[in-house]
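A.B. asks: Quick one: the structure is below, and I'll ask about it shortly.
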Amino acid sequence: MRHPTAISVDALTVDFSGFRALDNLTLLAQYGEIHGVIGPNGAGKTTMMDVITGITQPTSGKVLLDREIDVLRMTLPERAQAGIGRKFQRPSVFEQLTVRENIALGVRLYPDSLIRELAFGEVEEKSDRVESVLKTISLDHLGDVMAGTLAHGQKQWLEIGMVLARDPKLLMLDEPVAGMSDAERDATADLLERLRSPARCILLVEHDMQFVGRVSDQVSVLHEGRLLCAGSMDRVTSDPEVIRVYLGR
Amino acid sequence: MRQFILWICGGSKIDRRYLVVLGLIALVTIGLPLLGLGSLASSPLGLDGFQVNMVGQVMAFALLAMAHDLVWGYAGYLSLGHGLFFAVGGYLIGMHMIKLSYVGETGVPTFLDYMGLTEFPAYWSGFEYFGYAFLAVIVLSALVSFLIGFLAFRSRVVGVYFSILSQAFVYVVMLVMSRNDTGFGGNNGIADFQTLFGFSLGSIEFRVAIATISALILMIALIGLRRLTTGPLGKLLVGIRDDEDRLQVLGYETLWVKTGIWCLSAMLAAIAGLLYVPQIQVASPQLLSPIFSIEIAVWVAIGGRGYLYGAIIGAILVNVVKFWLTRFMPELWPFILTGSVLFVVVVLRNGLMDPGPLFTRAKFLMSWRAKKEKV
Amino acid sequence: MHRQYLDMLSAIVIACSLMFVTVSNALAQPILEPWDRFEIVKVWCSGEREARIISFQSLLEDVVDADAPAQQWAANLIGEYRDGNFRCARDTVYIPNDEQFLDVITGDRFKAIPDDAEKPFLNIPLRRALAPFASAVQLVAAEAPEERLLAAQGLARTLGDVSPALIESIYRQEKDMQVAAALEDVLVPAWLKSGDTDAQLKAISTLASNYTRTSRAALDKFLDQKTENVSEAVRTAAESARSSVHWVVQLSEVMTVAYHGLSYGSVLFLAALGLAIIFGLMGVINLAQAEFVMLGAYATWFVQEALRALAPGLLEYYLFIAIPFAFLVPALVGAFMEWSIVRHLYSRPLLTLLATWAVSLLLINLVRVTVGTQNLSFFTPEYLKSGFTVFGEFSITWSRLLSIFFAGITLIGTLFVIYRTRFGLRMRATTQHRQMAGCVGVSTRRTDAMAFAFGSGLAGIAGLALSTIYNVNPTMGTSLIIDSFIVVVVGGVGSVLGTALAALGIGQLNAIIEPQYGAVASKVLVLLAVILFIQQKPNGLFPRKGRR
């Protein structure tokens with residue numbers, strides 16, 4: 001039985017030699033929802049994602065998947081295996097591989113055994129999954145193109161595709177529409193709608209308020225490493241504290 | 001037939017350059033016995049013992065270079081200490097050959113006698129069997145490389161740090177092995193081998209045999225590594241080189257991939273050493289010289305990394321030139337080496353396999369000239 | 001008949017007058033030079049070893065009773081003999097004196113001497129036996145206390161066959177404090193053996209004031225013997241003397257290790273600093289850094305040779321005159337190297353490694369082909385010779401102190417340049433954020449070139465300091481390179497203070513391990529220690545702050 005809370009961040013603190021990036025942060029996100037994470041620069045959004053994926057070690061606090069799996073004890077690959085997927089802030093695709101090969105890397109036929117994967121996981125066997133992901137991210141016409149030659153927006157989608165290939169429980173997207181045109185933004189919003197699923201929780205870090213309002217069910221506002229306010233977009237944008245922090249009044 | 005060629009190339013494309021190099025090595029494998037021992041041996045094309053020996057040494061170096069390319073060209077780590085694994089293979093086969101010459105006899109070779117020993121120490125036992133020695137080569141090289149690699153990769157030692165640390169390692173081991181009381185002949189190393197597999201080391205039969213075997217092993221290794229790197233592992237390695245963090249967050253235990261490749265490379269390097277030492281008939285700390293380890297990287301750099309056959313070409317080219325120059329104009333060699341490295345690194349972006357920048361520069365110069373002439 | 005009487009009378013008169021002359025001569029000359037000069041030089045020139053030693057002995061005995069001029073003569077003679085200045089001729093000996101030659105027997109001066117005058121043969125055992133006698137004679141004869149002091153110190157080193165009783169009698173009459181103290185050192189062994197309590201106590205207190213290993217060894221030997229000869233009071237005195245000497249000796253040994261560590265660390269710091277700056281700024285490891293050190297040392301040598309030829313009066317100060325040259329030559333070579341090679345390889349640090357290695361090989365071979373592979377000889381200025389003892393076994397040598405001095409100046413100078421000059425500001429900006437620095441108008445190209453030159457110049461200064469301690473030849477840098485990298489790795493990329501601390505630490509580690517276990521073991525252990533350290537702190541002591 002899956003617990004409705006996908007990810008719970010509990011009293012998380014991160015100190016960078018004198019600079020406190022996260023200060024007793026608490027955050028909850030549920031399955032089936034798209035959960036926006038917003039806040040001014042330096043609020044700790046990316047740091048929080050770094051802790052969840054394992055790139056940064058917290059000073060104290062807990063992160064639990066499904067309210068029972070202690071994520072912090074696991075190595076980076078183990079967390080991915082447990083179902084955590086993340087798209088980085090800067091598009092991080094493998095420029096020397098084709099679009100298909102990038103996505104294929106995301107597909108694990110044998111998630112538990114690297115050796116079996118290397119021995120038996122030929123690209124051909126993965127092709128069904130790869131094709132379906134390609135369709136989802138609308139890059140099926142660019143399958144054999146070198147990832148390095150893609151446009152910025154396309155790279156963002158490709159990266160989402162790579163992460164998607166593993167069918168993650170928790171999909172974390174760090175600024176997916178940064179630097180995109182309006183049309184691309186619309187396409188991304190559609191993509192996110194397609195990705196919504198009762199077995200998946202999507203955490204979305206974004207600066208574009210409109211976009212966040214458009215796609216999110218719930219929103220958490222971070223400020224100086226702490227949770228300022230959480231709730232629906234309307235509720236949060238009318239909160240006086242949030243207004244003060246964002247607009248300085 | 002086409003199926004067979006595709007299978008050899010690995011993947012789905014026919015790579016012509018690869019096939020040419022492979023063909024070259026196959027030619028050597030067949031040519032050596034013919035020209036050295038067989039019917040053509042006495043013809044003008046025939047090769048004498050010295051030439052056969054030279055070819056065999058170069059084959060061993062080519063294998064070593066390929067092993068190095070596996071780690072540098074594919075995983076992105078520049079090892080400046082690969083001589084360490086080369087020496088493991090070399091010293092262990094030396095131990096086997098020494099033990100062979102003492103089968104059924106008492107006494108010890110001079111370098112042990114010098115230490116006051118009257119019997120071979122315990123760790124020498126078993127080396128009179130080739131099988132045991134071969135196993136020791138594989139196991140020891142894997143062990144040593146595992147230790148170094150695991151520690152380094154786990155602590156996220158990358159880039160230049162890794163390179164310098166690998167230099168430091170081989171340097172320190174060289175210092176230790178150069179001491180007389182380490183028990184391996186100190187600066188002079190171990191020598192006085194006479195036979196291997198019943199052949200006298202200096203005989204033309206043996207020389208042809210070992211050179212041919214070296215070429216054969218090189219060929220098999222090339223095909224094997226080619227298939228390995230065009231498969232899923234190859235993609236993974238590209239990913240590690242490009243953006244290792246991304247790969248880890250995608251769920252890949254890159255630590256094991258890197259360590260695995262590193263150990264494979266070490267074992268191949270050790271096999272190269274095993275093929276080399278019987279050809280030069282001495283196993284000495286020269287194999288551990290830090291400069292030699294850097295030269296290995298130079299072979300790969302000049303040939304072009306990331307192709308496997310590039311490393312082979314580089315190793316062959318550099319060593320043939322070196323052999324020739326040190327015979328006729330030894331003073332010139334360091335300058336030629338220096339010049340080649342600088343040219344390859346600065347002008348050609350990736351060695352001889354990627355002469356692109358040279359052509360773009362040449363084309364640019366030619367079009368510039370044409371423009372001037374038009375005016 | 002008359003004739004015979006006359007003859008006899010004249011014979012008697014002649015005989016008597018001869019006797020008179022002889023006797024009066026003998027009486028007129030007091031027995032204040034109780035030896036035969038000719039006999040002495042004859043034995044010293046060609047006698048058997050035994051005979052010569054007996055001669056030394058009897059000369060010593062006689063010289064005590066001789067008058068001042070005779071003592072002087074004896075002292076001079078034995079001194080010249082010891083120094084190898086004898087030219088033995090058939091019936092006398094000449095010694096060179098102020099462009100002329102002195103006849104030792106008559107005291108006459110000659111412009112030239114017979115061709116067959118040759119040096120007597122003194123083998124090593126004879127020389128060894130001779131030295132104490134020479135000192136003893138000079139001790140007796142010398143007027144000035146300084147000379148007696150020197151003689152006493154010589155005897156303290158070896159007493160040889162000289163009789164302690166003689167020294168004892170000289171000691172009792174000695175008025176000068178310093179000489180008396182030196183003589184006490186000479187007499188200690190005899191006093192300890194004597195069995196007389198007062199003498200033994202005196203010996204012990206003399207030993208107690210010398211905080212040296214030899215003193216401690218002597219006390220140990222004394223304490224080891226059986227108790228019958230030694231009274232309680234003496235034994236207790238000896239034991240307490242021993243423990244205080246031991247404590248001071250140990251302390252001074254610790255200080256010596258610390259001092260050696262400091263000086264080696266200084267050398268490492270100088271060699272590694274340029275590397276750290278270049279690496280921190282450009283991510284470039286310059287494998288040719290060691291050769292820049294070598295270039296600095298060679299530049300120093302050239303300055304020395306130039307001074308020798310053109311301004312010999314300034315030769316003493318060649319080290320200081322050479323500073324700008326030792327800095328500029330490698331700096332210019334480095335700037336050229338940066339412009340022609342490194343500049344093209346900024347985004348590819350691994351290839352830079354290979355390229356700089358090629359340059360290092362090139363530099364070594366260029367120097368080898370032009371100047372040669374031999375060690376260069378350096379003139380040692382007065383202020384660098386020897387050193388002084390601080391206490392116990394801890395002494396400071398001036399040449400090591402110089403390298404510490406250079407390191408200190410370089411540290412302060414570099415910190416100043418980096419943190420207080422515009423150039424340093426530009427360097428720091430480019431290090432922290434290259435693109436942004438470019439955007440605000442910092443010419444990153446120029447900064448890189450100048451920083452590279454600066455780092456290379458620093459290496460040249462290291463070469464200058466090294467030339468006073470180590471051999472200078474084309475490959476002098478190669479053993480330094482790995483140590484320098486380890487220092488940079490441990491200290492943290494680009495951090496001047498980190499480099500200083502790491503150099504100090506590694507220098508100390510080396511100084512502690514090497515005397516006990518040898519150079520190879522020290523390299524192995526340092527490498528292991530560094531690997532363990534890297535596990536804990538993969539970015540060094542002072543890593544660059546900031547995220548990711």
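Just remember, in the structure tokens the first chain shown is A, the second B, etc., residues are 1-based per chain, and ligands are 1-based in the order shown.
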Please list as a list of chain:residue names every residue within 10 Å of Leu151 (chain B), counting only C-alpha atoms and excluding residues in the same chain fewer than 2 positions away.

C.D. replies: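 After dropping sequence-adjacent residues, the list is B:Ser145, B:Phe146, B:Leu147, B:Ile148, B:Gly149, B:Phe153, B:Arg154, B:Ser155, B:Arg156, B:Val157, B:Thr259, C:Ile531, C:Leu532, C:Ile534, C:Gln535.
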
A.B. asks: Excluding region 282-298 of chain C and any residue of its chain fewer than 4 positions from it, enumerate the residues within 6 Å of it, using only C-alpha atoms, and give them as a ChimeraX atom specification.

C.D. replies: /C:278,326,330,349,353,356-357,360,459-460,462-464,467,477,481

A.B. asks: Restrict the selected residues to C-alpha atoms and save them as a PDB file, in the first residue's frame.

C.D. replies:
ATOM      1  CA  ILE C 278      49.398  28.606 -11.744  1.00  0.00           C
ATOM      2  CA  ALA C 326      66.960  34.233 -11.162  1.00  0.00           C
ATOM      3  CA  PRO C 330      62.443  31.629 -15.871  1.00  0.00           C
ATOM      4  CA  PRO C 349      44.283  20.147 -18.373  1.00  0.00           C
ATOM      5  CA  LEU C 353      50.199  18.042 -18.440  1.00  0.00           C
ATOM      6  CA  THR C 356      54.443  20.875 -20.147  1.00  0.00           C
ATOM      7  CA  TRP C 357      56.216  17.577 -19.633  1.00  0.00           C
ATOM      8  CA  SER C 360      60.514  20.132 -19.314  1.00  0.00           C
ATOM      9  CA  ALA C 459      60.472  28.847  -9.155  1.00  0.00           C
ATOM     10  CA  GLY C 460      63.618  30.626 -10.257  1.00  0.00           C
ATOM     11  CA  ALA C 462      63.741  28.533  -5.441  1.00  0.00           C
ATOM     12  CA  GLY C 463      66.599  27.616  -7.733  1.00  0.00           C
ATOM     13  CA  LEU C 464      68.656  30.459  -6.328  1.00  0.00           C
ATOM     14  CA  SER C 467      72.063  26.426  -5.382  1.00  0.00           C
ATOM     15  CA  GLY C 477      64.579  19.507 -10.500  1.00  0.00           C
ATOM     16  CA  ILE C 481      58.586  17.808  -8.882  1.00  0.00           C
TER      17      ILE C 481
END

A.B. asks: Using only C-alpha atoms, what table do you get, as a Markdown table, when you list each residue of chain A with an atom no more than 9 Å from chain C, its nearest pair of atoms, and their distance in Å rounded to one decimal, rows by chain then rising number?

C.D. replies:
| residue | atom | partner | partner_atom | distance |
| --- | --- | --- | --- | --- |
| A:Phe16 | CA | C:Gly546 | CA | 7.5 |
| A:Ser17 | CA | C:Lys545 | CA | 7.9 |
| A:Thr56 | CA | C:Arg548 | CA | 8.9 |

A.B. asks: How close does chain B get to chain A? List, as a Markdown table, each residue of chain B within 8 Å, its nearest atom pair and the distance in Å to one decimal, counting only C-alpha atoms.

C.D. replies:
| residue | atom | partner | partner_atom | distance |
| --- | --- | --- | --- | --- |
| B:Gly231 | CA | A:Glu122 | CA | 7.4 |
| B:Pro232 | CA | A:Leu118 | CA | 5.6 |
| B:Leu233 | CA | A:Leu118 | CA | 5.8 |
| B:Lys235 | CA | A:Leu97 | CA | 7.5 |
| B:Leu236 | CA | A:Leu105 | CA | 7.5 |
| B:Val238 | CA | A:Gln96 | CA | 7.1 |
| B:Gly239 | CA | A:Phe94 | CA | 6.0 |
| B:Asp242 | CA | A:Phe94 | CA | 6.1 |
| B:Asp243 | CA | A:Phe94 | CA | 7.0 |
| B:Arg246 | CA | A:Ser92 | CA | 6.7 |
| B:Gln248 | CA | A:Pro77 | CA | 5.1 |
| B:Val249 | CA | A:Leu76 | CA | 5.7 |
| B:Leu250 | CA | A:Ala80 | CA | 5.8 |
| B:Gly251 | CA | A:Pro77 | CA | 3.8 |
| B:Tyr252 | CA | A:Pro77 | CA | 5.2 |
| B:Glu253 | CA | A:Pro77 | CA | 5.6 |

A.B. asks: Counting only C-alpha atoms, collect the residues of chain B whose closest atom lies at most 8 Å from chain C, and write them out as a list in words.

C.D. replies: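 Output check: Leu78, Ser155, Arg156, Val157, Gly159, Val160, Tyr161, Ile164, Gln167, Ala168, Phe169, Val172, Leu175, Val176, Ile294, Ala297, Val298, Pro334, Phe335, Leu337, Thr338, Gly339, Val341, Leu342, Val345 and Val346 of chain B.
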
A.B. asks: Go ahead and write the residues just picked, C-alpha atoms, as a PDB file, in the first residue's frame.

C.D. replies:
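The result, stored in again-v2.pdb:
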ATOM      1  CA  LEU B  78      45.040  10.037 -17.637  1.00  0.00           C
ATOM      2  CA  SER B 155      37.623   9.703  -2.804  1.00  0.00           C
ATOM      3  CA  ARG B 156      36.606  11.335  -6.065  1.00  0.00           C
ATOM      4  CA  VAL B 157      40.205  11.941  -7.042  1.00  0.00           C
ATOM      5  CA  GLY B 159      41.800  14.840 -13.367  1.00  0.00           C
ATOM      6  CA  VAL B 160      45.294  16.081 -12.767  1.00  0.00           C
ATOM      7  CA  TYR B 161      45.236  14.894  -9.163  1.00  0.00           C
ATOM      8  CA  ILE B 164      50.004  13.062 -10.429  1.00  0.00           C
ATOM      9  CA  GLN B 167      53.112   9.153 -11.132  1.00  0.00           C
ATOM     10  CA  ALA B 168      53.878   9.274  -7.440  1.00  0.00           C
ATOM     11  CA  PHE B 169      52.892   5.626  -7.080  1.00  0.00           C
ATOM     12  CA  VAL B 172      57.770   5.203  -5.125  1.00  0.00           C
ATOM     13  CA  LEU B 175      62.511   3.500  -5.469  1.00  0.00           C
ATOM     14  CA  VAL B 176      61.582   0.454  -3.452  1.00  0.00           C
ATOM     15  CA  ILE B 294      54.684   9.254 -19.259  1.00  0.00           C
ATOM     16  CA  ALA B 297      50.663   8.396 -22.450  1.00  0.00           C
ATOM     17  CA  VAL B 298      52.649  10.111 -25.196  1.00  0.00           C
ATOM     18  CA  PRO B 334      64.707  13.774 -26.963  1.00  0.00           C
ATOM     19  CA  PHE B 335      64.201  16.739 -29.266  1.00  0.00           C
ATOM     20  CA  LEU B 337      60.068  13.393 -28.945  1.00  0.00           C
ATOM     21  CA  THR B 338      59.511  16.835 -27.485  1.00  0.00           C
ATOM     22  CA  GLY B 339      58.672  18.331 -30.852  1.00  0.00           C
ATOM     23  CA  VAL B 341      54.380  15.849 -28.438  1.00  0.00           C
ATOM     24  CA  LEU B 342      54.059  19.595 -28.700  1.00  0.00           C
ATOM     25  CA  VAL B 345      49.011  18.381 -28.577  1.00  0.00           C
ATOM     26  CA  VAL B 346      48.890  21.968 -29.733  1.00  0.00           C
TER      27      VAL B 346
END

A.B. asks: Can you tell me, as a VMD selection string, what residues are no more than 9 Å from Arg214 (chain A) when counting only C-alpha atoms, ignoring any on the same chain fewer than 4 positions away?

C.D. replies: chain A and resid 189 209 to 210

A.B. asks: With DSSP run on the backbone, what are the helix (DSSP H, G or I) residues within region 146-212 of chain A? I'd like them as a PyMOL selection string.

C.D. replies: chain A and resi 147-149+152-164+182-195+209-212

A.B. asks: How would the residues just picked look written out with C-alpha atoms as a short mmCIF file (atom, residue, chain, number, x, y, z; two decimals), in the first residue's frame?

C.D. replies:
data_model
loop_
_atom_site.label_atom_id
_atom_site.label_comp_id
_atom_site.auth_asym_id
_atom_site.auth_seq_id
_atom_site.Cartn_x
_atom_site.Cartn_y
_atom_site.Cartn_z
CA ALA A 147 22.46 15.54 -28.30
CA GLY A 148 25.11 18.22 -28.42
CA THR A 149 23.48 19.83 -31.43
CA HIS A 152 18.51 24.58 -25.32
CA GLY A 153 14.82 23.81 -24.87
CA GLN A 154 15.13 20.47 -26.62
CA LYS A 155 17.97 19.52 -24.34
CA GLN A 156 15.74 20.22 -21.36
CA TRP A 157 13.11 17.87 -22.74
CA LEU A 158 15.70 15.25 -23.55
CA GLU A 159 16.93 15.33 -20.01
CA ILE A 160 13.41 14.94 -18.73
CA GLY A 161 13.11 11.99 -21.07
CA MET A 162 16.29 10.41 -19.73
CA VAL A 163 15.01 10.65 -16.22
CA LEU A 164 11.58 9.48 -17.24
CA ASP A 182 6.46 30.95 -25.00
CA ALA A 183 5.66 28.15 -27.41
CA GLU A 184 8.20 25.90 -25.72
CA ARG A 185 6.76 26.81 -22.36
CA ASP A 186 3.33 25.72 -23.51
CA ALA A 187 4.74 22.46 -24.81
CA THR A 188 6.44 21.85 -21.48
CA ALA A 189 3.25 22.53 -19.58
CA ASP A 190 1.50 19.96 -21.74
CA LEU A 191 4.32 17.53 -21.15
CA LEU A 192 4.01 17.90 -17.43
CA GLU A 193 0.29 17.24 -17.62
CA ARG A 194 1.02 14.06 -19.53
CA LEU A 195 3.50 13.04 -16.86
CA MET A 209 5.28 32.25 -11.46
CA GLN A 210 2.80 31.95 -14.28
CA PHE A 211 4.11 28.59 -15.24
CA VAL A 212 4.07 27.37 -11.68
#
